[in-house]
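To start, the structure itself, in structure tokens.
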Amino acid sequence: MSSPSSPLDRQTLIATLRDYVEQLREEGMEGLPATIQSTAPTQPRAPAPKAIETPVTPSGAASAVELFSKYPGLEATSSLENLREFIGDCARCKLAPFRKNLVFGVGNPDAQLMFVGEAPGADEDARGEPFVGRAGQLLTDIIERGMGLRRSDVYICNVIKCRPPDNRNPEPDEVASCEPFLFRQIETVRPRAIVGLGTFAVQAVLKVKTPISKMRGNWQDFRGIRFMPTFHPAYLLRNPGDKRLVWADIQNVMRFLEMPIPRRGGSPS
């Protein structure tokens, strides 16, 4: 009987890889090999393990966890700076040729509160910073005038790191390419609460199709972190009457974080 630290059996690894490739093909990934064949004598196929934690090689150069992740090595990033270096001059999806700047995220790496939006717009693309246009100015008002914080006290990012052409909604393959980086940002900052800004961000993070009008104001759970869906600041620019609803959601977040709420009780203008 092999010890727990011995290399994986070759046939077990091949069977596992075969199942993994089939799963990716079912999810629509293109350019995959038709089959994975073994040159070894035919043996009864071993069941693929649910989770593999032992090294693939004695040197430990690549763990099985990395082997089955979308981007091997992503799990090893230990800070936001490491993560940004890992992303690099990203060309992992079709948005890359159209961007001026990759928009990673800004703020306190140890923030208790994180804001997650949809995707960069023209102003964000030009500056390489999230939420700096008109909608960003309103978000800053909510944070500074409404919550009494500095913008640098929280962490702000988007689901997608590159601007979609003509500010269209990100497409599923673009989300699939970028969301591992968002989830790693969340894991690295590990905030106590996240505010999801707008329909797309909320649906992309929580993997739901429920309209934002039915979700806003109601706490959700994202991997053990409290998640508050609310309207996007861009929506509020078009529908200023709903600022009071967003302010109610923000007050709910402040109560959870045990922050004092301004006595004036009004929403940011």
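Letters for chains follow the order of the structure tokens (A, B, ...), residue numbers begin at 1 for each chain, and ligand numbers begin at 1 in the order shown.
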
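Here the residues within range 98-219 of chain A that DSSP labels strand (DSSP E) on the basis of the backbone are Val106, Gly107, Leu113, Met114, Phe115, Val116, Gly117, Tyr155, Ile156, Cys157, Asn158, Ala193, Ile194, Val195, Gly196 and Leu197 of chain A.
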
Can you spit out the residues from that selection as a CSV table (one decimal), in the first residue's frame, using all heavy atoms?
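Result saved to result_17.csv:
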```csv
chain,number,residue,atom,x,y,z
A,106,VAL,N,-9.0,49.5,-6.0
A,106,VAL,CA,-8.3,50.4,-5.1
A,106,VAL,C,-8.9,50.4,-3.7
A,106,VAL,O,-10.0,49.9,-3.5
A,106,VAL,CB,-8.5,51.9,-5.7
A,106,VAL,CG1,-7.7,52.1,-7.0
A,106,VAL,CG2,-9.9,52.3,-5.8
A,107,GLY,N,-8.1,50.8,-2.8
A,107,GLY,CA,-8.6,51.0,-1.4
A,107,GLY,C,-7.7,50.2,-0.4
A,107,GLY,O,-6.6,49.8,-0.7
A,113,LEU,N,-15.2,46.7,4.6
A,113,LEU,CA,-16.2,46.9,3.6
A,113,LEU,C,-15.7,46.9,2.2
A,113,LEU,O,-14.7,47.7,1.9
A,113,LEU,CB,-17.0,48.1,3.9
A,113,LEU,CG,-18.2,48.5,3.0
A,113,LEU,CD1,-19.2,47.4,3.0
A,113,LEU,CD2,-18.8,49.8,3.4
A,114,MET,N,-16.3,46.1,1.3
A,114,MET,CA,-15.9,46.1,-0.1
A,114,MET,C,-17.1,46.5,-1.0
A,114,MET,O,-18.2,46.0,-0.7
A,114,MET,CB,-15.4,44.7,-0.5
A,114,MET,CG,-15.0,44.6,-2.0
A,114,MET,SD,-14.4,42.9,-2.4
A,114,MET,CE,-12.8,43.0,-1.8
A,115,PHE,N,-16.9,47.3,-2.0
A,115,PHE,CA,-17.9,47.6,-3.0
A,115,PHE,C,-17.5,46.9,-4.3
A,115,PHE,O,-16.4,47.0,-4.8
A,115,PHE,CB,-18.1,49.1,-3.2
A,115,PHE,CG,-18.7,49.8,-2.1
A,115,PHE,CD1,-17.9,50.3,-1.1
A,115,PHE,CD2,-20.0,50.1,-2.0
A,115,PHE,CE1,-18.4,51.0,0.0
A,115,PHE,CE2,-20.6,50.8,-1.0
A,115,PHE,CZ,-19.8,51.2,0.0
A,116,VAL,N,-18.5,46.1,-4.9
A,116,VAL,CA,-18.2,45.4,-6.2
A,116,VAL,C,-19.2,45.9,-7.2
A,116,VAL,O,-20.4,45.8,-7.0
A,116,VAL,CB,-18.3,43.9,-6.0
A,116,VAL,CG1,-18.1,43.2,-7.3
A,116,VAL,CG2,-17.3,43.4,-5.0
A,117,GLY,N,-18.7,46.5,-8.3
A,117,GLY,CA,-19.5,46.9,-9.4
A,117,GLY,C,-19.4,46.0,-10.6
A,117,GLY,O,-18.9,44.8,-10.5
A,155,TYR,N,-12.6,49.0,0.1
A,155,TYR,CA,-12.0,48.5,-1.1
A,155,TYR,C,-13.1,48.5,-2.2
A,155,TYR,O,-14.2,48.1,-2.0
A,155,TYR,CB,-11.5,47.1,-0.9
A,155,TYR,CG,-10.5,46.7,-2.0
A,155,TYR,CD1,-9.2,47.1,-2.1
A,155,TYR,CD2,-11.0,45.9,-3.1
A,155,TYR,CE1,-8.4,46.8,-3.1
A,155,TYR,CE2,-10.2,45.5,-4.1
A,155,TYR,CZ,-8.9,46.0,-4.1
A,155,TYR,OH,-8.0,45.7,-5.2
A,156,ILE,N,-12.7,48.9,-3.4
A,156,ILE,CA,-13.6,49.1,-4.5
A,156,ILE,C,-13.0,48.4,-5.8
A,156,ILE,O,-11.9,48.5,-6.1
A,156,ILE,CB,-13.8,50.6,-4.9
A,156,ILE,CG1,-14.3,51.4,-3.7
A,156,ILE,CG2,-14.8,50.7,-6.0
A,156,ILE,CD1,-14.3,52.9,-3.9
A,157,CYS,N,-13.9,47.5,-6.4
A,157,CYS,CA,-13.4,46.8,-7.6
A,157,CYS,C,-14.7,46.5,-8.4
A,157,CYS,O,-15.8,46.8,-8.0
A,157,CYS,CB,-12.6,45.6,-7.2
A,157,CYS,SG,-13.5,44.4,-6.3
A,158,ASN,N,-14.4,45.8,-9.5
A,158,ASN,CA,-15.5,45.4,-10.4
A,158,ASN,C,-15.4,43.9,-10.7
A,158,ASN,O,-14.3,43.3,-10.6
A,158,ASN,CB,-15.4,46.1,-11.8
A,158,ASN,CG,-15.9,47.6,-11.7
A,158,ASN,OD1,-17.0,47.8,-11.3
A,158,ASN,ND2,-15.0,48.5,-12.0
A,193,ALA,N,-18.2,42.7,5.1
A,193,ALA,CA,-19.4,42.9,4.3
A,193,ALA,C,-19.0,43.4,2.9
A,193,ALA,O,-18.0,44.1,2.7
A,193,ALA,CB,-20.3,43.9,5.0
A,194,ILE,N,-19.8,43.0,2.0
A,194,ILE,CA,-19.7,43.4,0.6
A,194,ILE,C,-21.0,44.0,0.1
A,194,ILE,O,-22.1,43.5,0.4
A,194,ILE,CB,-19.4,42.2,-0.4
A,194,ILE,CG1,-18.1,41.5,0.1
A,194,ILE,CG2,-19.3,42.6,-1.8
A,194,ILE,CD1,-17.8,40.2,-0.7
A,195,VAL,N,-20.9,45.2,-0.6
A,195,VAL,CA,-22.0,45.8,-1.2
A,195,VAL,C,-21.9,45.5,-2.7
A,195,VAL,O,-21.0,46.0,-3.4
A,195,VAL,CB,-22.1,47.3,-0.9
A,195,VAL,CG1,-23.3,47.9,-1.7
A,195,VAL,CG2,-22.3,47.6,0.6
A,196,GLY,N,-22.9,44.8,-3.2
A,196,GLY,CA,-23.0,44.5,-4.7
A,196,GLY,C,-23.8,45.6,-5.3
A,196,GLY,O,-24.9,45.9,-5.0
A,197,LEU,N,-23.1,46.3,-6.3
A,197,LEU,CA,-23.7,47.5,-7.0
A,197,LEU,C,-24.3,47.1,-8.3
A,197,LEU,O,-23.6,46.9,-9.3
A,197,LEU,CB,-22.7,48.5,-7.2
A,197,LEU,CG,-22.0,49.0,-5.9
A,197,LEU,CD1,-20.8,49.9,-6.2
A,197,LEU,CD2,-23.0,49.8,-5.0
```

Write out as a PyMOL selection string each polymer residue whose atoms come within 12 Å of Gln220 in chain A, counting only C-alpha atoms; drop sequence neighbours fewer than 3 positions from it. chain A and resi 193-196+202-203+205-208+215-217+223-230+253

Selected residues written out, C-alpha atoms, as an mmCIF file, in the first residue's frame:
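Output (again.cif):
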```cif
data_model
loop_
_atom_site.group_PDB
_atom_site.id
_atom_site.type_symbol
_atom_site.label_atom_id
_atom_site.label_comp_id
_atom_site.auth_asym_id
_atom_site.auth_seq_id
_atom_site.Cartn_x
_atom_site.Cartn_y
_atom_site.Cartn_z
ATOM 1 C CA ALA A 193 -19.383 42.923 4.319
ATOM 2 C CA ILE A 194 -19.683 43.397 0.563
ATOM 3 C CA VAL A 195 -22.043 45.800 -1.200
ATOM 4 C CA GLY A 196 -22.987 44.535 -4.656
ATOM 5 C CA VAL A 202 -25.057 40.879 -7.885
ATOM 6 C CA GLN A 203 -26.117 38.181 -10.351
ATOM 7 C CA VAL A 205 -21.221 37.086 -7.854
ATOM 8 C CA LEU A 206 -24.157 35.189 -6.359
ATOM 9 C CA LYS A 207 -24.899 33.140 -9.510
ATOM 10 C CA VAL A 208 -28.594 34.054 -9.497
ATOM 11 C CA MET A 215 -32.911 41.416 -3.894
ATOM 12 C CA ARG A 216 -31.838 44.871 -2.783
ATOM 13 C CA GLY A 217 -31.975 45.502 0.924
ATOM 14 C CA ARG A 223 -18.695 32.280 1.123
ATOM 15 C CA GLY A 224 -19.382 33.267 4.711
ATOM 16 C CA ILE A 225 -19.310 37.022 4.045
ATOM 17 C CA ARG A 226 -22.431 39.200 4.397
ATOM 18 C CA PHE A 227 -23.446 40.503 0.976
ATOM 19 C CA MET A 228 -25.838 43.441 0.488
ATOM 20 C CA PRO A 229 -27.314 43.931 -3.006
ATOM 21 C CA THR A 230 -28.283 47.485 -3.937
ATOM 22 C CA VAL A 253 -24.618 47.776 6.283
#
```

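Distance annotation: of A:Thr188, A:Ser152, A:Asn252, A:Asn101, the residue with the minimal separation from Ser78 in chain A is A:Thr188; atom set is only C-alpha atoms.
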
Counting only C-alpha atoms, what is within 7 Å of Gly121 in chain A, bar same-chain residues fewer than 2 positions away, as an MDAnalysis selection string? chainID A and resid 119 123:125 163 167

Store the residues of this selection in a file with N, CA and C atoms, as a PDB file, in the first residue's frame.
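File written: result-v9.pdb
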```pdb
ATOM      1  N   ALA A 119     -18.348  46.703 -14.315  1.00  0.00           N
ATOM      2  CA  ALA A 119     -17.203  46.776 -15.230  1.00  0.00           C
ATOM      3  C   ALA A 119     -16.773  48.229 -15.363  1.00  0.00           C
ATOM      4  N   ASP A 123     -14.257  56.556 -18.310  1.00  0.00           N
ATOM      5  CA  ASP A 123     -13.373  57.282 -17.393  1.00  0.00           C
ATOM      6  C   ASP A 123     -12.464  56.328 -16.643  1.00  0.00           C
ATOM      7  N   GLU A 124     -13.006  55.204 -16.234  1.00  0.00           N
ATOM      8  CA  GLU A 124     -12.220  54.220 -15.499  1.00  0.00           C
ATOM      9  C   GLU A 124     -11.150  53.599 -16.395  1.00  0.00           C
ATOM     10  N   ASP A 125     -11.513  53.343 -17.628  1.00  0.00           N
ATOM     11  CA  ASP A 125     -10.563  52.780 -18.593  1.00  0.00           C
ATOM     12  C   ASP A 125      -9.409  53.745 -18.844  1.00  0.00           C
ATOM     13  N   ARG A 163     -12.827  47.332 -19.831  1.00  0.00           N
ATOM     14  CA  ARG A 163     -14.061  47.951 -20.303  1.00  0.00           C
ATOM     15  C   ARG A 163     -14.614  47.208 -21.523  1.00  0.00           C
ATOM     16  N   ASN A 167     -19.577  50.167 -23.536  1.00  0.00           N
ATOM     17  CA  ASN A 167     -20.155  49.957 -22.197  1.00  0.00           C
ATOM     18  C   ASN A 167     -21.266  48.911 -22.180  1.00  0.00           C
TER      19      ASN A 167
END
```

List as a list in words the protein and nucleic acid residues near Ala176 in chain A, meaning an atom at most 12 Å away when only C-alpha atoms are counted, but skip any in the same chain fewer than 5 places from it. Glu27, Gly28, Met29, Lys70, Tyr71, Arg92, Cys93, Lys94, Val159, Ile160, Lys161, Pro170, Glu171, Phe181, Leu182, Phe183, Ala204, Val205 and Lys207 of chain A

Atoms to include: all heavy atoms. Write the selected residues as a short mmCIF file (atom, residue, chain, number, x, y, z; two decimals), in the first residue's frame.
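To be explicit, this is the file written out as again_33.cif:
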```cif
data_model
loop_
_atom_site.label_atom_id
_atom_site.label_comp_id
_atom_site.auth_asym_id
_atom_site.auth_seq_id
_atom_site.Cartn_x
_atom_site.Cartn_y
_atom_site.Cartn_z
N GLU A 27 -18.96 22.37 -20.60
CA GLU A 27 -19.19 23.77 -20.25
C GLU A 27 -18.93 24.70 -21.43
O GLU A 27 -19.05 25.91 -21.31
CB GLU A 27 -18.29 24.17 -19.07
CG GLU A 27 -18.68 23.44 -17.78
CD GLU A 27 -17.72 23.75 -16.66
OE1 GLU A 27 -16.71 24.44 -16.90
OE2 GLU A 27 -17.98 23.30 -15.53
N GLY A 28 -18.52 24.13 -22.58
CA GLY A 28 -18.39 24.94 -23.78
C GLY A 28 -17.00 25.42 -24.10
O GLY A 28 -16.82 26.23 -25.01
N MET A 29 -15.97 24.95 -23.40
CA MET A 29 -14.61 25.40 -23.69
C MET A 29 -14.14 24.77 -25.00
O MET A 29 -14.30 23.58 -25.22
CB MET A 29 -13.66 25.03 -22.54
CG MET A 29 -12.25 25.56 -22.75
SD MET A 29 -11.22 25.34 -21.29
CE MET A 29 -11.93 26.55 -20.20
N LYS A 70 -8.51 27.03 -12.68
CA LYS A 70 -8.54 27.68 -13.99
C LYS A 70 -7.20 28.30 -14.31
O LYS A 70 -6.73 28.27 -15.45
CB LYS A 70 -9.64 28.74 -14.01
CG LYS A 70 -9.88 29.37 -15.37
CD LYS A 70 -11.07 30.31 -15.35
CE LYS A 70 -11.35 30.88 -16.73
NZ LYS A 70 -11.85 29.85 -17.66
N TYR A 71 -6.57 28.91 -13.29
CA TYR A 71 -5.27 29.54 -13.48
C TYR A 71 -4.31 29.00 -12.43
O TYR A 71 -4.24 29.52 -11.31
CB TYR A 71 -5.39 31.06 -13.34
CG TYR A 71 -6.37 31.69 -14.31
CD1 TYR A 71 -7.40 32.51 -13.87
CD2 TYR A 71 -6.25 31.46 -15.68
CE1 TYR A 71 -8.29 33.08 -14.76
CE2 TYR A 71 -7.14 32.03 -16.57
CZ TYR A 71 -8.16 32.84 -16.11
OH TYR A 71 -9.04 33.40 -17.00
N ARG A 92 -6.46 37.27 -21.46
CA ARG A 92 -7.14 35.99 -21.29
C ARG A 92 -8.54 35.97 -21.90
O ARG A 92 -9.15 34.91 -21.96
CB ARG A 92 -7.21 35.63 -19.80
CG ARG A 92 -5.84 35.40 -19.16
CD ARG A 92 -5.97 35.21 -17.65
NE ARG A 92 -4.70 34.92 -17.01
CZ ARG A 92 -3.86 35.84 -16.55
NH1 ARG A 92 -4.17 37.14 -16.71
NH2 ARG A 92 -2.74 35.50 -15.97
N CYS A 93 -9.06 37.12 -22.30
CA CYS A 93 -10.37 37.14 -22.96
C CYS A 93 -10.34 38.17 -24.09
O CYS A 93 -9.37 38.90 -24.26
CB CYS A 93 -11.51 37.43 -21.97
SG CYS A 93 -11.75 39.18 -21.58
N LYS A 94 -11.43 38.25 -24.82
CA LYS A 94 -11.47 39.07 -26.03
C LYS A 94 -11.58 40.56 -25.75
O LYS A 94 -11.57 41.36 -26.70
CB LYS A 94 -12.62 38.62 -26.92
CG LYS A 94 -14.01 38.75 -26.31
CD LYS A 94 -15.06 38.22 -27.29
CE LYS A 94 -16.47 38.34 -26.75
NZ LYS A 94 -16.71 37.44 -25.60
N VAL A 159 -16.46 43.32 -11.20
CA VAL A 159 -16.43 41.93 -11.65
C VAL A 159 -15.46 41.78 -12.81
O VAL A 159 -14.62 40.88 -12.84
CB VAL A 159 -17.84 41.45 -12.06
CG1 VAL A 159 -17.78 40.04 -12.64
CG2 VAL A 159 -18.80 41.50 -10.87
N ILE A 160 -15.57 42.68 -13.79
CA ILE A 160 -14.73 42.65 -14.99
C ILE A 160 -13.66 43.73 -14.87
O ILE A 160 -13.94 44.84 -14.44
CB ILE A 160 -15.59 42.90 -16.25
CG1 ILE A 160 -16.66 41.83 -16.38
CG2 ILE A 160 -14.72 42.94 -17.50
CD1 ILE A 160 -16.13 40.45 -16.62
N LYS A 161 -12.45 43.40 -15.27
CA LYS A 161 -11.33 44.33 -15.12
C LYS A 161 -11.05 45.17 -16.37
O LYS A 161 -10.23 46.08 -16.31
CB LYS A 161 -10.05 43.56 -14.75
CG LYS A 161 -10.22 42.58 -13.59
CD LYS A 161 -10.79 43.22 -12.34
CE LYS A 161 -10.90 42.23 -11.21
NZ LYS A 161 -11.71 42.74 -10.09
N PRO A 170 -20.96 42.80 -19.78
CA PRO A 170 -19.98 41.74 -20.02
C PRO A 170 -20.68 40.45 -20.44
O PRO A 170 -21.78 40.14 -19.97
CB PRO A 170 -19.30 41.58 -18.66
CG PRO A 170 -19.49 42.89 -17.99
CD PRO A 170 -20.83 43.37 -18.43
N GLU A 171 -20.03 39.68 -21.31
CA GLU A 171 -20.59 38.44 -21.79
C GLU A 171 -20.11 37.27 -20.93
O GLU A 171 -19.11 37.39 -20.22
CB GLU A 171 -20.22 38.24 -23.26
CG GLU A 171 -20.83 39.33 -24.14
CD GLU A 171 -20.42 39.24 -25.61
OE1 GLU A 171 -19.53 38.42 -25.93
OE2 GLU A 171 -20.99 40.00 -26.41
N PHE A 181 -10.30 36.17 -10.54
CA PHE A 181 -9.51 37.27 -9.97
C PHE A 181 -10.35 38.05 -8.95
O PHE A 181 -9.84 38.46 -7.90
CB PHE A 181 -9.01 38.19 -11.08
CG PHE A 181 -8.21 37.48 -12.13
CD1 PHE A 181 -8.41 37.74 -13.48
CD2 PHE A 181 -7.24 36.55 -11.77
CE1 PHE A 181 -7.67 37.07 -14.45
CE2 PHE A 181 -6.50 35.88 -12.73
CZ PHE A 181 -6.71 36.14 -14.07
N LEU A 182 -11.62 38.28 -9.25
CA LEU A 182 -12.50 38.94 -8.29
C LEU A 182 -12.60 38.10 -7.01
O LEU A 182 -12.47 38.63 -5.90
CB LEU A 182 -13.89 39.14 -8.88
CG LEU A 182 -14.96 39.58 -7.86
CD1 LEU A 182 -14.66 40.96 -7.31
CD2 LEU A 182 -16.35 39.52 -8.47
N PHE A 183 -12.84 36.81 -7.16
CA PHE A 183 -13.00 35.96 -5.99
C PHE A 183 -11.71 35.92 -5.17
O PHE A 183 -11.74 35.87 -3.94
CB PHE A 183 -13.40 34.55 -6.40
CG PHE A 183 -14.77 34.47 -7.03
CD1 PHE A 183 -15.15 33.39 -7.80
CD2 PHE A 183 -15.70 35.49 -6.85
CE1 PHE A 183 -16.41 33.32 -8.38
CE2 PHE A 183 -16.96 35.44 -7.41
CZ PHE A 183 -17.31 34.36 -8.18
N ALA A 204 -23.79 38.13 -11.06
CA ALA A 204 -22.53 37.46 -11.41
C ALA A 204 -21.86 36.86 -10.18
O ALA A 204 -21.32 35.74 -10.23
CB ALA A 204 -21.58 38.45 -12.09
N VAL A 205 -21.88 37.58 -9.07
CA VAL A 205 -21.22 37.09 -7.85
C VAL A 205 -22.02 35.97 -7.20
O VAL A 205 -21.47 34.93 -6.82
CB VAL A 205 -20.99 38.24 -6.86
CG1 VAL A 205 -20.46 37.70 -5.53
CG2 VAL A 205 -20.02 39.25 -7.43
N LYS A 207 -24.45 34.17 -8.56
CA LYS A 207 -24.90 33.14 -9.51
C LYS A 207 -26.42 32.96 -9.43
O LYS A 207 -26.93 31.85 -9.29
CB LYS A 207 -24.20 31.80 -9.24
CG LYS A 207 -22.69 31.86 -9.25
CD LYS A 207 -22.16 32.35 -10.59
CE LYS A 207 -20.64 32.39 -10.62
NZ LYS A 207 -20.11 32.98 -11.85
#
```

re CA of Ser213 in chain A and CA of Asn169 in chain A: distance 18.1 Å

Quick one: residues within 12 Å of Arg184 in chain A, only C-alpha atoms, excluding same-chain residues fewer than 3 positions away - as a VMD selection string? chain A and resid 71 73 to 84 86 to 87 104 157 159 178 to 181 187 to 190 223

Filtering to N, CA, C and O atoms, could you give me those residues as an mmCIF file, in the first residue's frame?
```
data_model
loop_
_atom_site.group_PDB
_atom_site.id
_atom_site.type_symbol
_atom_site.label_atom_id
_atom_site.label_comp_id
_atom_site.auth_asym_id
_atom_site.auth_seq_id
_atom_site.Cartn_x
_atom_site.Cartn_y
_atom_site.Cartn_z
ATOM 1 N N TYR A 71 -6.566 28.908 -13.291
ATOM 2 C CA TYR A 71 -5.269 29.544 -13.478
ATOM 3 C C TYR A 71 -4.308 28.999 -12.429
ATOM 4 O O TYR A 71 -4.242 29.520 -11.310
ATOM 5 N N GLY A 73 -1.542 28.446 -9.926
ATOM 6 C CA GLY A 73 -0.697 29.430 -9.251
ATOM 7 C C GLY A 73 -1.478 30.565 -8.637
ATOM 8 O O GLY A 73 -0.957 31.287 -7.786
ATOM 9 N N LEU A 74 -2.735 30.739 -9.046
ATOM 10 C CA LEU A 74 -3.550 31.829 -8.502
ATOM 11 C C LEU A 74 -3.727 31.679 -6.995
ATOM 12 O O LEU A 74 -3.694 32.663 -6.251
ATOM 13 N N GLU A 75 -3.886 30.433 -6.535
ATOM 14 C CA GLU A 75 -4.100 30.197 -5.107
ATOM 15 C C GLU A 75 -2.908 30.597 -4.257
ATOM 16 O O GLU A 75 -3.045 30.826 -3.058
ATOM 17 N N ALA A 76 -1.746 30.694 -4.886
ATOM 18 C CA ALA A 76 -0.524 31.004 -4.136
ATOM 19 C C ALA A 76 -0.322 32.497 -3.924
ATOM 20 O O ALA A 76 0.549 32.899 -3.159
ATOM 21 N N THR A 77 -1.117 33.337 -4.596
ATOM 22 C CA THR A 77 -0.966 34.783 -4.412
ATOM 23 C C THR A 77 -1.376 35.137 -2.987
ATOM 24 O O THR A 77 -2.445 34.755 -2.522
ATOM 25 N N SER A 78 -0.524 35.863 -2.298
ATOM 26 C CA SER A 78 -0.746 36.115 -0.875
ATOM 27 C C SER A 78 -1.125 37.551 -0.557
ATOM 28 O O SER A 78 -1.389 37.872 0.600
ATOM 29 N N SER A 79 -1.149 38.425 -1.557
ATOM 30 C CA SER A 79 -1.506 39.826 -1.338
ATOM 31 C C SER A 79 -2.116 40.377 -2.617
ATOM 32 O O SER A 79 -2.034 39.758 -3.681
ATOM 33 N N LEU A 80 -2.725 41.549 -2.504
ATOM 34 C CA LEU A 80 -3.283 42.185 -3.696
ATOM 35 C C LEU A 80 -2.189 42.527 -4.696
ATOM 36 O O LEU A 80 -2.408 42.449 -5.914
ATOM 37 N N GLU A 81 -1.017 42.888 -4.188
ATOM 38 C CA GLU A 81 0.099 43.192 -5.090
ATOM 39 C C GLU A 81 0.521 41.940 -5.857
ATOM 40 O O GLU A 81 0.769 41.992 -7.067
ATOM 41 N N ASN A 82 0.594 40.802 -5.155
ATOM 42 C CA ASN A 82 0.923 39.545 -5.825
ATOM 43 C C ASN A 82 -0.118 39.197 -6.878
ATOM 44 O O ASN A 82 0.213 38.736 -7.977
ATOM 45 N N LEU A 83 -1.384 39.413 -6.532
ATOM 46 C CA LEU A 83 -2.468 39.102 -7.454
ATOM 47 C C LEU A 83 -2.385 39.973 -8.700
ATOM 48 O O LEU A 83 -2.560 39.488 -9.829
ATOM 49 N N ARG A 84 -2.112 41.267 -8.507
ATOM 50 C CA ARG A 84 -1.994 42.159 -9.667
ATOM 51 C C ARG A 84 -0.831 41.735 -10.561
ATOM 52 O O ARG A 84 -0.945 41.773 -11.801
ATOM 53 N N PHE A 86 0.259 38.703 -10.848
ATOM 54 C CA PHE A 86 -0.153 37.453 -11.482
ATOM 55 C C PHE A 86 -1.017 37.731 -12.716
ATOM 56 O O PHE A 86 -0.859 37.091 -13.754
ATOM 57 N N ILE A 87 -1.921 38.705 -12.615
ATOM 58 C CA ILE A 87 -2.789 39.046 -13.743
ATOM 59 C C ILE A 87 -1.974 39.610 -14.895
ATOM 60 O O ILE A 87 -2.200 39.292 -16.061
ATOM 61 N N PHE A 104 -7.929 47.272 -11.922
ATOM 62 C CA PHE A 104 -7.824 46.202 -10.925
ATOM 63 C C PHE A 104 -8.707 46.456 -9.711
ATOM 64 O O PHE A 104 -9.636 45.720 -9.419
ATOM 65 N N CYS A 157 -13.865 47.532 -6.373
ATOM 66 C CA CYS A 157 -13.435 46.831 -7.584
ATOM 67 C C CYS A 157 -14.656 46.465 -8.420
ATOM 68 O O CYS A 157 -15.788 46.779 -8.043
ATOM 69 N N VAL A 159 -16.460 43.318 -11.205
ATOM 70 C CA VAL A 159 -16.430 41.928 -11.646
ATOM 71 C C VAL A 159 -15.465 41.780 -12.810
ATOM 72 O O VAL A 159 -14.622 40.877 -12.840
ATOM 73 N N CYS A 178 -12.668 36.427 -15.894
ATOM 74 C CA CYS A 178 -12.271 37.421 -14.896
ATOM 75 C C CYS A 178 -12.676 37.076 -13.462
ATOM 76 O O CYS A 178 -12.033 37.527 -12.514
ATOM 77 N N GLU A 179 -13.741 36.297 -13.285
ATOM 78 C CA GLU A 179 -14.254 36.116 -11.933
ATOM 79 C C GLU A 179 -13.282 35.424 -10.978
ATOM 80 O O GLU A 179 -13.308 35.720 -9.779
ATOM 81 N N PRO A 180 -12.361 34.539 -11.437
ATOM 82 C CA PRO A 180 -11.403 34.000 -10.471
ATOM 83 C C PRO A 180 -10.557 35.091 -9.809
ATOM 84 O O PRO A 180 -10.169 34.964 -8.647
ATOM 85 N N PHE A 181 -10.298 36.173 -10.538
ATOM 86 C CA PHE A 181 -9.514 37.268 -9.967
ATOM 87 C C PHE A 181 -10.345 38.049 -8.946
ATOM 88 O O PHE A 181 -9.841 38.458 -7.900
ATOM 89 N N GLU A 187 -11.140 36.983 -1.312
ATOM 90 C CA GLU A 187 -10.458 36.096 -0.369
ATOM 91 C C GLU A 187 -9.276 36.784 0.287
ATOM 92 O O GLU A 187 -8.969 36.538 1.452
ATOM 93 N N THR A 188 -8.595 37.647 -0.460
ATOM 94 C CA THR A 188 -7.407 38.323 0.070
ATOM 95 C C THR A 188 -7.777 39.432 1.040
ATOM 96 O O THR A 188 -7.197 39.549 2.126
ATOM 97 N N VAL A 189 -8.741 40.261 0.656
ATOM 98 C CA VAL A 189 -9.170 41.353 1.549
ATOM 99 C C VAL A 189 -9.947 40.795 2.737
ATOM 100 O O VAL A 189 -9.802 41.247 3.857
ATOM 101 N N ARG A 190 -10.793 39.822 2.466
ATOM 102 C CA ARG A 190 -11.652 39.193 3.465
ATOM 103 C C ARG A 190 -12.431 40.237 4.273
ATOM 104 O O ARG A 190 -12.303 40.348 5.492
ATOM 105 N N ARG A 223 -19.842 32.983 0.531
ATOM 106 C CA ARG A 223 -18.695 32.280 1.123
ATOM 107 C C ARG A 223 -18.433 32.739 2.548
ATOM 108 O O ARG A 223 -17.286 32.980 2.959
#
```

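One distance worth recording is that between CA of Arg99 in chain A and CA of Ala122 in chain A, which is 9.4 Å.
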
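For the choices A:Pro262, A:Gly241, A:Pro172, A:Pro109, the atom-to-atom distance to Phe200 in chain A is smallest for A:Pro172 when using only C-alpha atoms.
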
Of the listed residues A:Gly198, A:Lys100, A:Val246, A:Asp221, that which approaches Pro165 in chain A most closely, counting only C-alpha atoms: A:Lys100

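Straight-line separation from CA of Cys90 in chain A to CA of His232 in chain A: 26.4 Å.
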
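With only C-alpha atoms as the atoms that count, the residue of A:Ile212, A:Val154, A:Ile261, A:Ile143 with the shortest distance to Tyr235 in chain A is A:Ile212.
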
Please identify the alpha helix (DSSP H) residues within range 142-199 of chain A (assignment by DSSP from backbone atoms) and present them as a ChimeraX atom specification. /A:172-189,199

Print the selection's residues with C-alpha atoms to a file, as a short mmCIF file (atom, residue, chain, number, x, y, z; two decimals), in the first residue's frame.
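What follows is the written file result31.cif:
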```cif
data_model
loop_
_atom_site.label_atom_id
_atom_site.label_comp_id
_atom_site.auth_asym_id
_atom_site.auth_seq_id
_atom_site.Cartn_x
_atom_site.Cartn_y
_atom_site.Cartn_z
CA PRO A 172 -20.51 35.04 -20.04
CA ASP A 173 -17.09 34.03 -21.36
CA GLU A 174 -15.65 37.37 -20.21
CA VAL A 175 -17.10 36.87 -16.73
CA ALA A 176 -15.70 33.34 -16.63
CA SER A 177 -12.24 34.66 -17.50
CA CYS A 178 -12.27 37.42 -14.90
CA GLU A 179 -14.25 36.12 -11.93
CA PRO A 180 -11.40 34.00 -10.47
CA PHE A 181 -9.51 37.27 -9.97
CA LEU A 182 -12.50 38.94 -8.29
CA PHE A 183 -13.00 35.96 -5.99
CA ARG A 184 -9.28 36.00 -5.12
CA GLN A 185 -9.54 39.74 -4.35
CA ILE A 186 -12.38 38.98 -1.96
CA GLU A 187 -10.46 36.10 -0.37
CA THR A 188 -7.41 38.32 0.07
CA VAL A 189 -9.17 41.35 1.55
CA THR A 199 -28.05 43.81 -11.25
#
```
